[in-house]
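Undergrad: My structure file model.cif, mmCIF, C-alpha atoms, is below:
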```
data_query
#
loop_
_atom_site.label_atom_id
_atom_site.label_comp_id
_atom_site.auth_asym_id
_atom_site.auth_seq_id
_atom_site.Cartn_x
_atom_site.Cartn_y
_atom_site.Cartn_z
CA MET A 180 74.07 78.55 220.97
CA ILE A 181 74.32 81.29 218.36
CA HIS A 182 77.66 82.90 217.56
CA SER A 183 76.93 86.26 219.22
CA GLU A 184 75.93 84.48 222.46
CA LEU A 185 79.15 82.47 222.40
CA LEU A 186 81.22 85.65 222.14
CA PHE A 187 79.19 87.24 224.94
CA TYR A 188 79.86 84.31 227.29
CA LEU A 189 83.54 84.20 226.33
CA SER A 190 83.79 87.91 227.12
CA MET A 191 82.04 87.60 230.48
CA THR A 192 84.22 84.61 231.36
CA MET A 193 87.25 86.79 230.71
CA VAL A 194 85.88 89.52 232.98
CA VAL A 195 85.13 87.10 235.82
CA THR A 196 88.49 85.34 235.40
CA GLY A 197 90.23 88.70 235.49
CA ILE A 198 88.51 89.66 238.75
CA VAL A 199 89.47 86.35 240.36
CA ALA A 200 93.03 86.66 239.07
CA PHE A 201 93.33 90.18 240.48
CA PHE A 202 92.63 89.07 244.04
CA VAL A 203 94.74 85.92 243.75
CA LEU A 204 97.71 87.81 242.30
CA LEU A 205 97.58 90.40 245.07
CA PHE A 206 98.74 87.66 247.42
CA VAL A 207 100.54 85.25 245.07
CA PRO A 208 102.92 86.98 242.62
CA SER A 209 102.84 85.73 239.02
CA PRO A 210 105.43 82.92 239.02
CA TYR A 211 107.67 84.08 236.19
CA GLY A 212 110.47 86.60 235.69
CA ARG A 213 111.99 87.62 239.02
CA ASN A 214 109.25 85.62 240.76
CA ALA A 215 109.89 82.42 238.78
CA ASN A 216 109.09 79.37 240.88
CA SER A 217 110.08 75.80 240.04
CA ALA A 218 106.93 74.57 241.80
CA PHE A 219 104.99 75.74 238.73
CA GLY A 220 106.54 73.25 236.35
CA PRO A 221 109.76 72.60 234.47
CA PRO A 222 111.48 75.65 232.95
CA VAL A 223 110.94 76.72 229.35
CA PRO A 224 113.73 78.85 227.76
CA THR A 225 112.65 82.48 227.89
CA LYS A 226 112.87 83.35 224.20
CA ILE A 227 111.10 80.18 223.12
CA ALA A 228 108.40 80.67 225.75
CA TRP A 229 107.58 84.23 224.66
CA LEU A 230 107.56 83.30 220.99
CA ILE A 231 105.30 80.27 221.33
CA GLN A 232 102.90 81.64 223.92
CA GLU A 233 102.26 84.94 222.13
CA ILE A 234 102.24 83.80 218.48
CA PRO A 235 98.60 82.55 218.44
CA ALA A 236 97.35 86.09 219.10
CA PHE A 237 99.22 87.20 215.97
CA LEU A 238 98.40 84.29 213.67
CA ILE A 239 94.69 83.98 214.48
CA PRO A 240 93.67 87.55 213.45
CA VAL A 241 95.93 87.32 210.38
CA TYR A 242 94.09 84.13 209.42
CA PHE A 243 90.71 85.84 209.90
CA ILE A 244 91.78 88.77 207.71
CA ILE A 245 93.07 86.46 204.97
CA GLU A 246 89.85 84.44 205.08
CA LEU A 247 87.81 87.63 204.83
CA LEU A 248 89.83 88.90 201.87
CA PHE A 249 90.01 85.74 199.80
CA PHE A 250 87.35 83.27 200.89
CA LYS A 251 84.30 85.32 201.85
CA THR A 252 81.93 87.52 199.91
CA SER A 253 82.48 90.85 201.62
CA ASP A 254 81.99 94.43 200.58
CA SER A 255 84.88 96.88 200.77
CA SER A 256 83.54 98.64 203.87
CA ASN A 257 83.45 95.37 205.81
CA VAL A 258 87.06 94.61 204.89
CA ARG A 259 88.11 98.17 205.68
CA ASP A 260 86.45 98.10 209.11
CA ALA A 261 87.99 94.74 209.99
CA VAL A 262 91.49 95.86 209.02
CA LEU A 263 91.24 99.20 210.82
CA LEU A 264 89.92 97.62 214.00
CA LEU A 265 92.24 94.60 214.09
CA ALA A 266 95.43 96.34 212.95
CA PRO A 267 96.49 97.51 216.45
CA PHE A 268 95.97 94.02 217.87
CA ILE A 269 98.00 92.42 215.08
CA LEU A 270 100.74 95.05 215.39
CA HIS A 271 101.10 94.51 219.13
CA TYR A 272 101.36 90.75 218.87
CA PHE A 273 103.70 90.92 215.89
CA GLN A 274 106.06 92.92 218.07
CA ARG A 275 105.46 90.81 221.17
CA SER A 276 105.83 87.39 219.54
CA LEU A 277 108.42 87.94 216.79
CA ILE A 278 110.51 90.96 217.84
CA TYR A 279 110.46 91.12 221.65
CA PRO A 280 111.77 87.56 222.23
CA MET A 281 114.75 88.20 219.97
CA LEU A 282 115.72 91.23 222.06
CA ILE A 283 115.65 89.47 225.43
CA ARG A 284 119.06 89.42 227.12
CA GLY A 285 119.37 86.43 229.38
CA GLY A 286 116.16 86.28 231.36
CA LYS A 287 115.01 83.54 233.69
CA PRO A 288 113.36 80.50 232.09
CA MET A 289 109.57 80.52 232.39
CA PRO A 290 107.90 77.75 234.41
CA ALA A 291 105.64 75.52 232.31
CA VAL A 292 102.36 76.45 234.06
CA PRO A 293 102.38 80.22 233.36
CA PHE A 294 103.74 79.48 229.88
CA LEU A 295 100.84 77.14 229.08
CA LEU A 296 98.27 79.49 230.61
CA ALA A 297 99.58 82.37 228.51
CA PHE A 298 99.51 80.19 225.38
CA ILE A 299 95.89 79.17 226.04
CA PHE A 300 94.88 82.76 226.76
CA CYS A 301 96.40 84.03 223.51
CA ILE A 302 94.41 81.42 221.56
CA TYR A 303 91.26 82.32 223.49
CA ASN A 304 91.66 86.06 223.17
CA GLY A 305 92.93 85.93 219.59
CA TYR A 306 89.77 84.11 218.58
CA LEU A 307 87.47 86.32 220.67
CA GLN A 308 88.74 89.67 219.38
CA SER A 309 89.13 88.50 215.76
CA SER A 310 85.80 86.71 215.50
CA TYR A 311 83.88 89.63 216.97
CA ILE A 312 85.54 92.25 214.78
CA ILE A 313 85.22 90.23 211.56
CA ASN A 314 81.54 89.51 212.14
CA TYR A 315 80.22 92.52 214.05
CA GLY A 316 82.89 95.23 214.10
CA TYR A 317 82.09 98.67 212.75
CA PHE A 318 84.67 101.43 212.47
CA HIS A 319 83.45 104.85 213.60
CA TRP A 320 85.18 107.85 212.06
CA ASP A 321 85.05 110.15 215.08
CA PHE A 322 86.95 111.66 217.98
CA ILE A 323 86.64 108.53 220.14
CA SER A 324 88.32 106.40 217.47
CA ALA A 325 91.10 108.97 217.12
CA ALA A 326 91.58 108.93 220.90
CA GLY A 327 91.65 105.13 220.81
CA TYR A 328 94.39 105.07 218.19
CA ALA A 329 96.34 107.75 220.07
CA LEU A 330 96.14 105.90 223.39
CA PHE A 331 97.10 102.62 221.76
CA ALA A 332 100.09 104.21 220.00
CA ALA A 333 101.23 105.97 223.18
CA GLY A 334 100.85 102.78 225.20
CA MET A 335 102.73 100.65 222.70
CA ALA A 336 105.53 103.21 222.44
CA GLY A 337 105.73 103.37 226.23
CA ASN A 338 105.78 99.60 226.45
CA ILE A 339 108.61 99.22 223.94
CA HIS A 340 110.58 102.07 225.52
CA SER A 341 110.17 100.62 229.02
CA ASP A 342 111.38 97.22 227.83
CA GLN A 343 114.40 98.88 226.23
CA ILE A 344 115.23 100.66 229.50
CA LEU A 345 115.06 97.38 231.41
CA ARG A 346 117.26 95.61 228.84
CA SER A 347 119.88 98.35 229.01
CA LEU A 348 120.29 98.13 232.80
CA ARG A 349 122.84 95.33 232.51
CA LYS A 350 125.97 95.39 230.44
CA PRO A 351 127.09 92.13 228.80
CA GLY A 352 128.19 89.69 231.48
CA GLU A 353 126.54 91.59 234.34
CA THR A 354 124.03 89.98 236.69
CA GLY A 355 121.75 91.30 239.38
CA TYR A 356 119.13 94.05 239.39
CA LYS A 357 119.38 97.82 239.12
CA ILE A 358 116.92 100.67 239.52
CA PRO A 359 115.40 101.68 236.16
CA HIS A 360 115.22 105.39 235.35
CA GLY A 361 113.69 107.45 232.56
CA GLY A 362 110.47 107.33 230.61
CA LEU A 363 107.47 106.09 232.58
CA PHE A 364 109.86 104.72 235.20
CA SER A 365 110.17 108.28 236.43
CA LEU A 366 106.58 107.94 237.64
CA VAL A 367 105.90 104.27 238.38
CA SER A 368 107.70 101.02 239.10
CA GLY A 369 105.50 99.09 236.68
CA ALA A 370 106.13 101.30 233.66
CA ASN A 371 105.70 98.52 231.10
CA PHE A 372 102.51 97.34 232.82
CA LEU A 373 101.01 100.84 232.86
CA ALA A 374 101.85 101.21 229.17
CA GLU A 375 100.11 97.95 228.34
CA ILE A 376 96.97 99.01 230.23
CA VAL A 377 96.97 102.25 228.22
CA GLU A 378 97.37 100.24 224.99
CA TRP A 379 94.35 98.05 225.54
CA THR A 380 92.24 100.90 226.91
CA GLY A 381 92.85 102.59 223.56
CA PHE A 382 91.92 99.37 221.76
CA ALA A 383 88.67 99.21 223.75
CA LEU A 384 87.84 102.82 222.85
CA LEU A 385 88.53 102.10 219.19
CA ASN A 386 86.38 98.97 219.05
CA ARG A 387 83.68 99.87 221.57
CA SER A 388 82.85 96.21 222.03
CA LEU A 389 82.38 93.93 225.03
CA PRO A 390 85.30 91.65 224.00
CA ALA A 391 87.70 94.61 223.76
CA VAL A 392 86.54 96.04 227.10
CA ALA A 393 86.85 92.59 228.69
CA PHE A 394 90.42 92.34 227.42
CA ALA A 395 91.33 95.79 228.74
CA LEU A 396 89.91 94.90 232.17
CA PHE A 397 91.66 91.52 232.17
CA THR A 398 94.96 93.20 231.31
CA ALA A 399 94.61 95.69 234.16
CA ALA A 400 93.56 92.95 236.59
CA ASN A 401 96.67 90.89 235.80
CA THR A 402 99.30 93.60 235.46
CA ALA A 403 98.34 95.91 238.34
CA PRO A 404 99.11 93.31 241.06
CA ARG A 405 102.37 92.43 239.30
CA ALA A 406 103.34 96.10 239.27
CA TRP A 407 102.51 96.32 242.98
CA HIS A 408 104.73 93.34 243.83
CA HIS A 409 107.55 94.79 241.71
CA HIS A 410 107.20 98.07 243.60
CA LEU A 411 107.42 96.34 246.99
CA TRP A 412 110.39 94.30 245.77
CA TYR A 413 112.25 97.44 244.66
CA LEU A 414 111.55 99.14 248.01
CA LYS A 415 112.79 96.10 249.94
CA LYS A 416 115.90 95.60 247.83
CA PHE A 417 117.05 99.20 247.41
CA GLY A 418 115.56 100.90 250.48
CA ASP A 419 116.40 104.60 250.68
CA GLU A 420 118.04 104.50 247.24
CA TYR A 421 114.68 103.99 245.58
CA PRO A 422 112.93 107.22 244.41
CA LYS A 423 110.42 108.26 247.08
CA ASN A 424 107.96 109.86 244.65
CA ARG A 425 107.63 106.77 242.44
CA LYS A 426 104.33 104.90 242.66
CA ALA A 427 103.53 101.31 241.69
CA ILE A 428 101.16 101.58 238.71
CA LEU A 429 99.18 104.87 238.70
CA PRO A 430 101.33 108.06 238.62
CA TYR A 431 100.99 110.16 241.80
CA LEU A 432 98.30 107.82 243.21
CA ILE A 433 99.12 104.15 243.75
#
```
Go ahead and render the structure in this file as structure tokens.

TA:
Amino acid sequence: MIHSELLFYLSMTMVVTGIVAFFVLLFVPSPYGRNANSAFGPPVPTKIAWLIQEIPAFLIPVYFIIELLFFKTSDSSNVRDAVLLLAPFILHYFQRSLIYPMLIRGGKPMPAVPFLLAFIFCIYNGYLQSSYIINYGYFHWDFISAAGYALFAAGMAGNIHSDQILRSLRKPGETGYKIPHGGLFSLVSGANFLAEIVEWTGFALLNRSLPAVAFALFTAANTAPRAWHHHLWYLKKFGDEYPKNRKAILPYLI
């Protein structure tokens, strides 16, 4: 099997897996966070889990870039394209693996099964995106690329801001849940999930590749059901206190 065929099959596997996951997760909430379930394995401390499971998606593209710079015969345009196309991916996973875990306050331990699945996925996706971009990526200087960068930046900013809002809900020593307000939470219950979908939609526009599109679809397929379950949980817990105009994942629609 040639390399391009391998990447094609890895991408299509991600699409199919995402579709299956979407329908499963509509009925079975992801078993971590507020839905953590001991039936899915022994607990892993939250900060350690996020660091270890996300770090492959940061280290793998960094390795590919270093290899391209120092161990391959490449012209400057090839290096430039690889850096411009992979930079958003590396930036996201730098924040998610090395900064985000350090900011977590408390947080329920993560069961071993979702932790291991996330770890495997980050290896899988880190290789898929990096290998495609290094070997076949081409940066287009046009409006679509600008829109891709803008969407990615807006999504990442929204993601970080939403996480900060959630962290600030509890004062030191407090327990329990509160209703988040502000930012994207003014529109949807799954503000951080919507922001992440926007991020990877921008990444797909920037790269215009099957692997990037597959990742964007996989992200939406996994986070949309989680946002829906969060929305139902908020409605059940807070009843009439919960803002009536707030949707689950798509502002004004769903």

Undergrad: If I put a ball of radius 12 Å at (85.5, 109.6, 220.7) in the file's coordinates, which residues poke into it when counting all atoms listed in the file, written as a list in words?

TA: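 Every polymer residue passing the test: Phe318, His319, Trp320, Asp321, Phe322, Ile323, Ser324, Ala325, Ala326, Gly327, Tyr328, Ala329, Leu330, Gly381, Ala383, Leu384, Leu385, Asn386 and Arg387 of chain A.
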
Undergrad: If you take all atoms listed in the file and a cut-off of 10 Å, which residues of range 218-326 of chain A touch range 187-194 of chain A, and what are their nearest atom pairs and distances in Å to one decimal, in chain and number order, as CSV?

TA:
```
residue,atom,partner,partner_atom,distance
A:Phe300,CA,A:Met193,CA,9.5
A:Tyr303,CA,A:Leu189,CA,8.4
A:Asn304,CA,A:Met193,CA,8.8
A:Tyr306,CA,A:Leu189,CA,9.9
A:Leu307,CA,A:Leu189,CA,7.2
A:Gln308,CA,A:Ser190,CA,9.4
A:Tyr311,CA,A:Phe187,CA,9.6
```

Undergrad: For the point (103.7, 70.6, 235.5) in file coordinates, what residues are within 12 Å, counting only C-alpha atoms? Give the answer as JSON, numbers by chain?

TA: {"A": [216, 217, 218, 219, 220, 221, 222, 223, 289, 290, 291, 292, 293, 294, 295, 296]}

Undergrad: Apply the PyMOL selection byres ((chain A and resi 230) around 9) to the structure shown and report the selected residues as number ranges by chain.

TA: A: 225-229, 231-234, 275-281

Undergrad: Output C-alpha atoms for every residue in that selection, as a PDB file, in the coordinates of the input.

TA:
```pdb
ATOM      1  CA  THR A 225     112.650  82.480 227.890  1.00  0.00           C
ATOM      2  CA  LYS A 226     112.870  83.350 224.200  1.00  0.00           C
ATOM      3  CA  ILE A 227     111.100  80.180 223.120  1.00  0.00           C
ATOM      4  CA  ALA A 228     108.400  80.670 225.750  1.00  0.00           C
ATOM      5  CA  TRP A 229     107.580  84.230 224.660  1.00  0.00           C
ATOM      6  CA  ILE A 231     105.300  80.270 221.330  1.00  0.00           C
ATOM      7  CA  GLN A 232     102.900  81.640 223.920  1.00  0.00           C
ATOM      8  CA  GLU A 233     102.260  84.940 222.130  1.00  0.00           C
ATOM      9  CA  ILE A 234     102.240  83.800 218.480  1.00  0.00           C
ATOM     10  CA  ARG A 275     105.460  90.810 221.170  1.00  0.00           C
ATOM     11  CA  SER A 276     105.830  87.390 219.540  1.00  0.00           C
ATOM     12  CA  LEU A 277     108.420  87.940 216.790  1.00  0.00           C
ATOM     13  CA  ILE A 278     110.510  90.960 217.840  1.00  0.00           C
ATOM     14  CA  TYR A 279     110.460  91.120 221.650  1.00  0.00           C
ATOM     15  CA  PRO A 280     111.770  87.560 222.230  1.00  0.00           C
ATOM     16  CA  MET A 281     114.750  88.200 219.970  1.00  0.00           C
TER      17      MET A 281
END
```

Undergrad: Please report, as JSON, the centre and edge lengths in Å to one decimal of an axis-aligned box covering all listed atoms of range 292-308 of chain A with 8 Å per side.

TA:
```
{"center_x": 95.6, "center_y": 83.1, "center_z": 226.3, "size_x": 32.3, "size_y": 29.2, "size_z": 31.5}
```

Undergrad: Using only C-alpha atoms, can you tell me which of A:Ser309, A:Asn424, A:Thr196, A:Asn338 comes closest to Glu375 in chain A?

TA: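 Result for the nearest residue to Glu375 in chain A: A:Asn338.
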
Undergrad: By how many Å are CA of Ile428 in chain A and CA of Asn214 in chain A apart?

TA: 18.0 Å

Undergrad: A:Phe394, A:Tyr431, A:Tyr317, A:Phe249: which is nearest Gly197 in chain A, counting only C-alpha atoms?

TA: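 When distances to Gly197 in chain A are compared using only C-alpha atoms, the smallest one comes from A:Phe394.
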
Undergrad: So how many Å separate CA of Phe268 in chain A and CA of Ala370 in chain A, to one decimal?

TA: 20.1 Å

Undergrad: Between A:Leu185, A:Ala332, A:Ile245, A:Ile239, which one has atoms that come closest to Pro267 in chain A, using all atoms listed in the file?

TA: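 With all atoms listed in the file as the atom set, the closest residue is A:Ala332.
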
Undergrad: Which residues, written as JSON, numbers by chain, have at least one atom at most 8 Å from range 401-417 of chain A, with only C-alpha atoms counted and residues fewer than 6 positions away on the same chain left out?

TA: {"A": [197, 200, 201, 204, 205, 208, 209, 358, 368, 369, 372, 373, 376, 426, 427, 428]}

Undergrad: Would you translate the PyMOL selection byres ((chain A and resi 366) around 6) into the concrete set of residues it matches in this file, as a list in words?

TA: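 With the shown file as input, the PyMOL selection byres ((chain A and resi 366) around 6) matches Leu363, Phe364, Ser365, Val367, Arg425 and Pro430 of chain A.
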
Undergrad: With all atoms listed in the file as the basis for distance, which of A:Ile198, A:Leu432, A:Val207, A:Ile312 is at the shortest distance from Thr398 in chain A?

TA: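 Result for the nearest residue to Thr398 in chain A: A:Ile198.
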
Undergrad: Could you check which of A:Lys251, A:His271, A:His340, A:Arg346 is closest to Ile283 in chain A, using all atoms listed in the file?

TA: A:Arg346

Undergrad: Hey, which of A:Phe250, A:Pro390, A:Ala400, A:Pro288 ends up closest to Gly316 in chain A? Count all atoms listed in the file.

TA: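 Looking at the shortest contact to Gly316 in chain A, the residue is A:Pro390.
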
Undergrad: Could you list, as a list in words, every residue within 12 Å of Arg349 in chain A, counting all atoms listed in the file and ignoring same-chain residues fewer than 4 positions away?

TA: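 Here the qualifying residues turn out to be Ile283, Arg284, Gly285, Gly286, Gln343, Ile344, Leu345, Glu353, Thr354, Gly355, Tyr356, Lys357, Ile358 and Pro359 of chain A.
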
Undergrad: Calculate how many Å separate CA of Arg213 in chain A from CA of Cys301 in chain A, rounding to one decimal.

TA: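 Rounded to one decimal, the two atoms are 22.3 Å apart.
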